[in-house]
Amino acid sequence: MSKFRRGLFTSVFMTICLSYVCCHGEEDAGEGTCEAKGDEMDNGFPAEVVIVNHGENLLDIYWVQPETNERVFIADLQPGGDTLIKSFWRHVLEVKDRGTSASIRRHVVAKHNEDNIVNIGLSESIDLKEDDRDLKLETLGESIYPKVVSYIHKRPRITREIPMGAKFRNLYPIDLEYYFDDGTAEGQYNGIIPSMGRSMINTYNTHAFILYKRGTKDLVDRITMVKDKNFIILQPDDEDYMSEVRETEFYKEVMQEQAYIDAYKEKTGLPWLSYYPRPVPMLHMWSADSIGQEHLVEITENGHPIQLTLKVISVKPRVFYIAGLLVPNEIDHIISLSKDKVHRSAVGNAKHGGFLTQTRTSKTAWITRHESPTMEKIFSRFSRVLNISDDRLQHDRNAENLQVVHYGPGQKYSPHYDFSDSGAPPQRFLTLFIYLKAATKGGGTGFPLAYGRRGLKVTPREGSAVLWYNMLPDGNGDDSSLHEGMPVGHGEKWGCNLW
């Protein structure tokens, strides 16, 4: 078998200069750059248009001359490819199907570049049901929208880079280190894939990774992420070695997993991102059937009744807002226990050593429920809100210790998943994030794939919480649960995670 390689785009070098249009494409660059030349005074402002071909057919792109309506060919666009066109406000571009010559899309160039992202075959990339498109945050009412929850973008944010989870299986006889190709000579370290082992990352299509022999800079391979290719088997060219590998239990398990992933994708249209084989979750999962749906939880503490409401603020992913989960003295208590413990946050698999990265620049501390009676009371309240028995919220059973995070100005945690495929069934089934201290500006929690990629932003209120499920009811990781700790603008942000 040949060594694993996946290239995303194939494009040819071309320079087409007409009286109005000039197009430049770079060989193997995955995108072209085209210029639609016109009278800047008549057309207002220069603008850039990104056209993305999510479909399976070859497309032709034309500039429509304003006086004669004549079509001037600019470039072709391969399936899965994209191109950047430099044009002007109010110019007209037309996209046609190469095979049928049918006009697919006419785009009048807008003044602002964010309005000039043209997606062909968009429904395939968003994967929304028809009734999902009618879900609106506005239905929550003024008490929560837009002060507490809001959209991240005014319109769906579809870019050339599409978020995706990817699972690696390493059939090499050596451990591999993989680096994100960020344009530097070495790349950005992302972790280790052990020999006859696994790893999982959240990444984007078009991103490339460089694979080295562990502990060296001996190049083994370079792979480029491709949309919908979420399961990647890394294997050498050596046929004698591979004939022995095919007799191993690990290889047979990988082949079984590949077959299951293909069948699951065929049935559901979704990638299987969780551990395989994995049973369905046994813990309670609150329903999220409609925006604004509420679940009332009644608690008695020290003889006093408490009512807490879980309000659905997204159905895909399943996200709930909980007001007043903690009171001020409890917030102060958690922060006081953490201040002397916080240290720079790391990412990665703890088994192979976490590492520091600019994708996560916060500080972290861990607190057990047994550190004080107040913490015991808080954990018991969490159990009631989650509808999970209190004895299960122990670090040696179904919950981890409480992770406290601190963000200063400019600090963030870039979009990521909380679930993983670490080689065992246990997963971070849910995330309960409680806001302890809100920044004076910024620092919200974002879900970029919610609401058809308009995104959902939760603005921190001290003592409030946001709950989301990292898994689907069938045990798969929820691809739409991608989330981020948005950058702090001013002040500081304290929060805590329960997994």
# chains A, B, ... in the order shown; residues from 1 in each chain; ligands from 1

$ select_by_dssp --residues "range 343-499 of chain A" --states "strand (DSSP E or B)" --output "JSON, numbers by chain"
{"A": [343, 344, 347, 355, 357, 360, 363, 364, 365, 366, 367, 402, 403, 404, 405, 406, 407, 413, 414, 415, 416, 430, 431, 432, 433, 434, 435, 436, 437, 441, 442, 445, 446, 447, 456, 457, 458, 465, 466, 467, 468, 469, 471, 477, 483, 484, 485, 488, 489, 490, 493, 494, 495, 496, 497, 498]}

$ closest_residue --among "A:Asn170, A:Asn470, A:Ser274, A:Gln258" --to "Pro236 in chain A" --atoms "only C-alpha atoms"
A:Asn170

$ select_by_dssp --residues "range 362-489 of chain A" --states "helix (DSSP H, G or I)" --output "PyMOL selection string"
chain A and resi 369-371+373-386+390-392+450-453+479-481

$ closest_residue --among "A:Val458, A:Ala288, A:Ile313, A:Met282" --to "Gln427 in chain A" --atoms "only C-alpha atoms"
A:Met282

$ closest_residue --among "A:Val148, A:Asp418, A:Leu93, A:Tyr179" --to "Leu219 in chain A" --atoms "only C-alpha atoms"
A:Tyr179

$ closest_residue --among "A:Ser464, A:Ser287, A:Ser101, A:Thr83" --to "Leu308 in chain A" --atoms "only C-alpha atoms"
A:Ser464

$ closest_residue --among "A:Lys217, A:Lys377, A:His284, A:Lys229" --to "Glu301 in chain A" --atoms "only C-alpha atoms"
A:Lys377

$ closest_atom_pairs --of "range 142-208 of chain A" --to "range 48-62 of chain A" --cutoff "12 Å" --atoms "only C-alpha atoms" --output "tab-separated table"
residue	atom	partner	partner_atom	distance
A:Ile158	CA	A:Val52	CA	9.2
A:Thr159	CA	A:Val52	CA	8.1
A:Arg160	CA	A:Val52	CA	6.6
A:Glu161	CA	A:Val52	CA	10.1
A:Ile162	CA	A:His54	CA	10.9

$ write_last_selection --atoms "C-alpha atoms" --output "mmCIF file, in the first residue's frame"
data_model
loop_
_atom_site.group_PDB
_atom_site.id
_atom_site.type_symbol
_atom_site.label_atom_id
_atom_site.label_comp_id
_atom_site.auth_asym_id
_atom_site.auth_seq_id
_atom_site.Cartn_x
_atom_site.Cartn_y
_atom_site.Cartn_z
ATOM 1 C CA ILE A 158 -19.344 29.901 6.291
ATOM 2 C CA THR A 159 -15.651 30.120 5.492
ATOM 3 C CA ARG A 160 -13.189 28.096 3.491
ATOM 4 C CA GLU A 161 -12.034 26.470 6.734
ATOM 5 C CA ILE A 162 -14.720 24.158 8.146
#

$ residues_around --residues "range 191-200 of chain A" --least-positions-apart "4" --cutoff "7 Å" --atoms "only C-alpha atoms" --output "list in words"
Ala166, Lys167, Phe168, Arg169, Asn170, Leu171, Tyr172, Pro173, Ile174, Asp175, Leu176, Glu177, Tyr178, Phe250, Gly348, His352, Ser420, Asp421 and Ser422 of chain A

$ atom_distance --atom1 "CA of Glu371 in chain A" --atom2 "CA of Val404 in chain A"
13.9 Å

$ atom_distance --atom1 "CA of Arg98 in chain A" --atom2 "CA of Asn116 in chain A"
22.2 Å

$ atom_distance --atom1 "CA of Leu402 in chain A" --atom2 "CA of Val327 in chain A"
16.9 Å

$ decode --residues "range 141-169 of chain A" --atoms "N, CA, C and O atoms" --output "short mmCIF file (atom, residue, chain, number, x, y, z; two decimals), in the first residue's frame"
data_model
loop_
_atom_site.label_atom_id
_atom_site.label_comp_id
_atom_site.auth_asym_id
_atom_site.auth_seq_id
_atom_site.Cartn_x
_atom_site.Cartn_y
_atom_site.Cartn_z
N GLY A 141 -37.11 36.29 24.35
CA GLY A 141 -37.62 37.49 24.99
C GLY A 141 -36.51 38.39 25.51
O GLY A 141 -35.35 38.01 25.61
N GLU A 142 -36.89 39.63 25.85
CA GLU A 142 -35.91 40.66 26.20
C GLU A 142 -35.19 40.38 27.51
O GLU A 142 -34.12 40.94 27.76
N SER A 143 -35.74 39.54 28.37
CA SER A 143 -35.08 39.27 29.65
C SER A 143 -33.75 38.54 29.48
O SER A 143 -32.87 38.62 30.34
N ILE A 144 -33.58 37.85 28.37
CA ILE A 144 -32.36 37.07 28.16
C ILE A 144 -31.68 37.38 26.83
O ILE A 144 -30.45 37.27 26.71
N TYR A 145 -32.46 37.80 25.82
CA TYR A 145 -31.88 38.15 24.53
C TYR A 145 -32.05 39.64 24.28
O TYR A 145 -33.14 40.17 24.44
N PRO A 146 -31.00 40.38 23.88
CA PRO A 146 -29.64 39.91 23.60
C PRO A 146 -28.65 40.17 24.75
O PRO A 146 -27.44 40.07 24.54
N LYS A 147 -29.13 40.49 25.94
CA LYS A 147 -28.22 40.85 27.02
C LYS A 147 -27.39 39.66 27.50
O LYS A 147 -26.22 39.80 27.82
N VAL A 148 -28.04 38.50 27.61
CA VAL A 148 -27.34 37.32 28.12
C VAL A 148 -26.88 36.41 26.98
O VAL A 148 -25.74 35.95 26.97
N VAL A 149 -27.75 36.13 26.04
CA VAL A 149 -27.40 35.30 24.90
C VAL A 149 -27.62 36.09 23.62
O VAL A 149 -28.54 36.90 23.52
N SER A 150 -26.76 35.86 22.65
CA SER A 150 -26.87 36.58 21.38
C SER A 150 -26.16 35.77 20.30
O SER A 150 -25.49 34.78 20.59
N TYR A 151 -26.34 36.20 19.05
CA TYR A 151 -25.62 35.57 17.96
C TYR A 151 -24.20 36.10 17.92
O TYR A 151 -23.94 37.26 18.27
N ILE A 152 -23.28 35.28 17.46
CA ILE A 152 -21.91 35.76 17.27
C ILE A 152 -21.82 36.59 16.00
O ILE A 152 -21.13 37.62 15.97
N HIS A 153 -22.53 36.18 14.95
CA HIS A 153 -22.48 36.87 13.66
C HIS A 153 -23.90 37.24 13.22
O HIS A 153 -24.87 36.59 13.61
N LYS A 154 -24.00 38.23 12.38
CA LYS A 154 -25.29 38.66 11.87
C LYS A 154 -25.89 37.65 10.91
O LYS A 154 -27.11 37.58 10.76
N ARG A 155 -25.04 36.90 10.25
CA ARG A 155 -25.49 35.91 9.27
C ARG A 155 -24.59 34.68 9.36
O ARG A 155 -23.52 34.77 9.97
N PRO A 156 -24.99 33.54 8.80
CA PRO A 156 -24.16 32.33 8.89
C PRO A 156 -22.72 32.59 8.45
O PRO A 156 -22.47 33.21 7.43
N ARG A 157 -21.81 32.11 9.26
CA ARG A 157 -20.38 32.33 9.02
C ARG A 157 -19.79 31.10 8.36
O ARG A 157 -19.26 30.22 9.01
N ILE A 158 -19.89 31.02 7.03
CA ILE A 158 -19.34 29.90 6.29
C ILE A 158 -18.04 30.35 5.64
O ILE A 158 -18.04 31.27 4.84
N THR A 159 -16.95 29.75 6.02
CA THR A 159 -15.65 30.12 5.49
C THR A 159 -15.04 28.93 4.77
O THR A 159 -15.57 27.83 4.77
N ARG A 160 -13.89 29.18 4.18
CA ARG A 160 -13.19 28.10 3.49
C ARG A 160 -12.73 27.02 4.47
O ARG A 160 -12.60 25.86 4.12
N GLU A 161 -12.46 27.42 5.72
CA GLU A 161 -12.03 26.47 6.73
C GLU A 161 -13.25 26.00 7.53
O GLU A 161 -13.90 26.81 8.19
N ILE A 162 -13.56 24.72 7.47
CA ILE A 162 -14.72 24.16 8.15
C ILE A 162 -14.24 23.35 9.35
O ILE A 162 -13.40 22.46 9.21
N PRO A 163 -14.73 23.65 10.56
CA PRO A 163 -14.29 22.89 11.74
C PRO A 163 -14.62 21.41 11.60
O PRO A 163 -15.66 21.03 11.06
N MET A 164 -13.75 20.57 12.12
CA MET A 164 -13.96 19.13 12.04
C MET A 164 -13.15 18.43 13.13
O MET A 164 -12.10 18.91 13.56
N GLY A 165 -13.66 17.30 13.59
CA GLY A 165 -12.89 16.43 14.46
C GLY A 165 -12.21 15.37 13.60
O GLY A 165 -12.75 14.95 12.57
N ALA A 166 -11.02 14.94 14.02
CA ALA A 166 -10.29 13.93 13.26
C ALA A 166 -9.66 12.92 14.21
O ALA A 166 -9.11 13.28 15.24
N LYS A 167 -9.76 11.64 13.84
CA LYS A 167 -9.20 10.55 14.64
C LYS A 167 -8.08 9.90 13.84
O LYS A 167 -8.26 9.54 12.68
N PHE A 168 -6.93 9.73 14.50
CA PHE A 168 -5.77 9.11 13.87
C PHE A 168 -5.55 7.70 14.44
O PHE A 168 -5.71 7.48 15.64
N ARG A 169 -5.12 6.77 13.56
CA ARG A 169 -4.69 5.45 13.98
C ARG A 169 -3.31 5.22 13.36
O ARG A 169 -3.13 5.33 12.14
#
